[in-house]
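Below is one structure, written out as structure tokens; the observations come after it.
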Amino acid sequence: MTDLDFKTIGINIKKRRNYLGITQEAIADYLDVNPSHISNIECGRANPSLTVLVKIANMLQCSVDVFIEKEYTFQAEL
């Protein structure tokens, strides 16, 4: 498996956040981090842990799959 595409993950987080009208500051407050850290995640300069991804997904009322769906390569046989 190749490394995760954190830039795309960050873009997906930003899209969902903007769709809901939630600020980076609100997410940063929820996570108890600096708003610049959220900016870095959204720009792909920081790689969030699974715990942080789950917390962001909870804040943005979605599944983590919304952020990482393009990372799946497994094709189930029917």
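Residue numbering restarts at 1 in every chain; chains get A, B, ... in the order shown in the structure tokens, and ligands count up from 1 in that same order.
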Pull the closest atom pair for each residue of range 32-58 of chain A that gets at most 12 Å from range 11-18 of chain A, along with the distance in Å to one decimal, counting only C-alpha atoms, ordering rows by chain and then ascending residue number, as a tab-separated table.
residue	atom	partner	partner_atom	distance
A:Ile38	CA	A:Lys14	CA	9.3
A:Ser39	CA	A:Lys14	CA	8.9
A:Asn40	CA	A:Ile11	CA	10.8
A:Ile41	CA	A:Ile13	CA	8.5
A:Glu42	CA	A:Ile11	CA	5.6
A:Cys43	CA	A:Ile11	CA	6.9
A:Gly44	CA	A:Ile11	CA	8.0
A:Arg45	CA	A:Ile11	CA	11.5
A:Pro48	CA	A:Ile13	CA	11.1
A:Val52	CA	A:Ile13	CA	11.6
A:Leu53	CA	A:Ile13	CA	9.1
A:Val54	CA	A:Ile13	CA	11.4
A:Lys55	CA	A:Ile13	CA	11.6
A:Ile56	CA	A:Ile13	CA	8.0
A:Ala57	CA	A:Ile13	CA	8.3
A:Asn58	CA	A:Arg17	CA	11.5
Would you save the residues of that selection, restricted to C-alpha atoms, as a short mmCIF file (atom, residue, chain, number, x, y, z; two decimals), in the first residue's frame?
data_model
loop_
_atom_site.label_atom_id
_atom_site.label_comp_id
_atom_site.auth_asym_id
_atom_site.auth_seq_id
_atom_site.Cartn_x
_atom_site.Cartn_y
_atom_site.Cartn_z
CA ILE A 38 -6.51 22.77 11.12
CA SER A 39 -5.29 24.88 8.21
CA ASN A 40 -2.22 22.66 7.92
CA ILE A 41 -4.40 19.52 7.88
CA GLU A 42 -6.65 20.98 5.18
CA CYS A 43 -3.65 21.96 3.04
CA GLY A 44 -1.95 18.57 3.46
CA ARG A 45 0.99 19.99 5.43
CA PRO A 48 -3.87 13.95 11.28
CA VAL A 52 -8.16 13.43 15.12
CA LEU A 53 -9.89 12.31 11.90
CA VAL A 54 -12.65 10.67 13.94
CA LYS A 55 -13.08 13.79 16.07
CA ILE A 56 -13.23 16.00 12.97
CA ALA A 57 -15.78 13.64 11.39
CA ASN A 58 -17.89 13.81 14.56
#
Quiz item: Which residue out of A:Gln24, A:Gln75, A:Asn34, A:Asn47 has the minimum interatomic distance to Leu60 in chain A when only C-alpha atoms are used?
Solution: A:Gln24
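Proximity of A:Gly21, A:Ala46, A:His37, A:Met59 to Thr8 in chain A, computed with only C-alpha atoms, is greatest for A:Ala46.
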Exercise. Please give the complete set of residues from chain A that DSSP, run on the backbone, assigns to helix (DSSP H, G or I), formatted as a PyMOL selection string.
Key: chain A and resi 6-20+24-31+35-42+50-59+65-71
